[in-house]
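Student: Handing you a structure now.
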Amino acid sequence: YTGLFGYVMGSNAEIKNLGLINPNIQAAEGSYVASLIGYLDAGTVTSCYVEGGRVSGKKSVGGLVGYNRSGEINSCHATCRVSGDEEIGGLVGYLRGTIDNCYAKGGVSGDQRIGGLVGRSSSGSITNSMASGRASGQGRNVGGLVGDNSGSVANCSAGGDVLGDGTVGGLVGTNAGTVACSYSNGSISAQGSTGGLVGGNRNIVSKCYATGGVAGDGGVGGLVGVNTWPAKIICCYSIGAVGGTTYVGGLVGFRAYPNNP
């Protein structure tokens, strides 16, 4: 619970119009780490920002909020560098609440579940938001906006370069939720399950597109690297150059089945 506010709790809690300039948060092995709020249990955060500086920890590390359990984050932004091991995001490390009209521009790095805006979204909601910083992970589930999504993403975009080992996407690394009306235009590079928009899709992607170049080894697609049945792709397109060794497609690299991932 590391941040200017370590733990925020209660539906009436409200933090607004607060900015942090060049924070330096180094929590080493800490979890729920951020510059503003380590753990947002409930309440609202409105028109807050972080400009410059760096935030580092181990798990659930974000530029603004480490873990948003059920709170609302509106009209906020972060431009700091964020690093850690797992669930690392430019704005929020781990999301189960909501994010609306926010952006992140700082570079994000770690091992797995790394995202330019959110590291991991589990039943969370992200709308009208964007990320433009570079997202890089040494492991899996790396995305320009969200590393691992099992919530909803709508009307969002990502423009930073994305690098990782596997299951890497320009917008979302792994999608088990819904992604709608969104796009990505960064360059994507990974070993396997690499997509211009989504690395590995297990649910629904609709009305989306990708324009960035994509390079990987196996399961490389201009839009989705690996689409696992019965996941759906609806009204989408991709126009970026795609290169790989096996299972390479302009739209989808590989269609997998649950017993053959």
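By convention in this document, the chains of the structure tokens carry letters A, B, ... by their order, each chain's residues are numbered from 1, and ligands are numbered from 1 in the order they are shown.
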Please report, as JSON lines, each residue of stretch 59-106 of chain A lying at most 12 Å from stretch 143-164 of chain A, together with the nearest pair of atoms and the separation in Å rounded to one decimal; use only C-alpha atoms, and order rows by chain and ascending residue number.

Tutor:
{"residue": "A:Glu86", "atom": "CA", "partner": "A:Gly147", "partner_atom": "CA", "distance": 9.9}
{"residue": "A:Glu87", "atom": "CA", "partner": "A:Gly147", "partner_atom": "CA", "distance": 7.9}
{"residue": "A:Ile88", "atom": "CA", "partner": "A:Gly147", "partner_atom": "CA", "distance": 8.4}
{"residue": "A:Gly89", "atom": "CA", "partner": "A:Val146", "partner_atom": "CA", "distance": 7.7}
{"residue": "A:Gly90", "atom": "CA", "partner": "A:Leu145", "partner_atom": "CA", "distance": 8.7}
{"residue": "A:Leu91", "atom": "CA", "partner": "A:Leu145", "partner_atom": "CA", "distance": 9.9}
{"residue": "A:Val92", "atom": "CA", "partner": "A:Val146", "partner_atom": "CA", "distance": 9.8}
{"residue": "A:Gly93", "atom": "CA", "partner": "A:Val146", "partner_atom": "CA", "distance": 9.6}
{"residue": "A:Tyr94", "atom": "CA", "partner": "A:Asp148", "partner_atom": "CA", "distance": 9.6}
{"residue": "A:Leu95", "atom": "CA", "partner": "A:Gly151", "partner_atom": "CA", "distance": 9.0}
{"residue": "A:Arg96", "atom": "CA", "partner": "A:Gly151", "partner_atom": "CA", "distance": 8.0}
{"residue": "A:Gly97", "atom": "CA", "partner": "A:Gly151", "partner_atom": "CA", "distance": 9.7}
{"residue": "A:Thr98", "atom": "CA", "partner": "A:Ser152", "partner_atom": "CA", "distance": 9.6}
{"residue": "A:Ile99", "atom": "CA", "partner": "A:Val153", "partner_atom": "CA", "distance": 9.7}
{"residue": "A:Asp100", "atom": "CA", "partner": "A:Cys156", "partner_atom": "CA", "distance": 9.7}
{"residue": "A:Asn101", "atom": "CA", "partner": "A:Cys156", "partner_atom": "CA", "distance": 9.1}
{"residue": "A:Cys102", "atom": "CA", "partner": "A:Cys156", "partner_atom": "CA", "distance": 9.7}
{"residue": "A:Tyr103", "atom": "CA", "partner": "A:Leu145", "partner_atom": "CA", "distance": 9.5}
{"residue": "A:Ala104", "atom": "CA", "partner": "A:Leu145", "partner_atom": "CA", "distance": 9.0}
{"residue": "A:Lys105", "atom": "CA", "partner": "A:Gly160", "partner_atom": "CA", "distance": 8.5}
{"residue": "A:Gly106", "atom": "CA", "partner": "A:Gly160", "partner_atom": "CA", "distance": 9.6}

Student: Can you work out which one of A:Ser189, A:Arg120, A:Leu171, A:Ile126 has the shortest atom-to-atom distance to A:Gln138, counting only C-alpha atoms?

Tutor: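 Going through A:Ser189, A:Arg120, A:Leu171, A:Ile126 one by one, the smallest distance to A:Gln138 is for A:Ser189.
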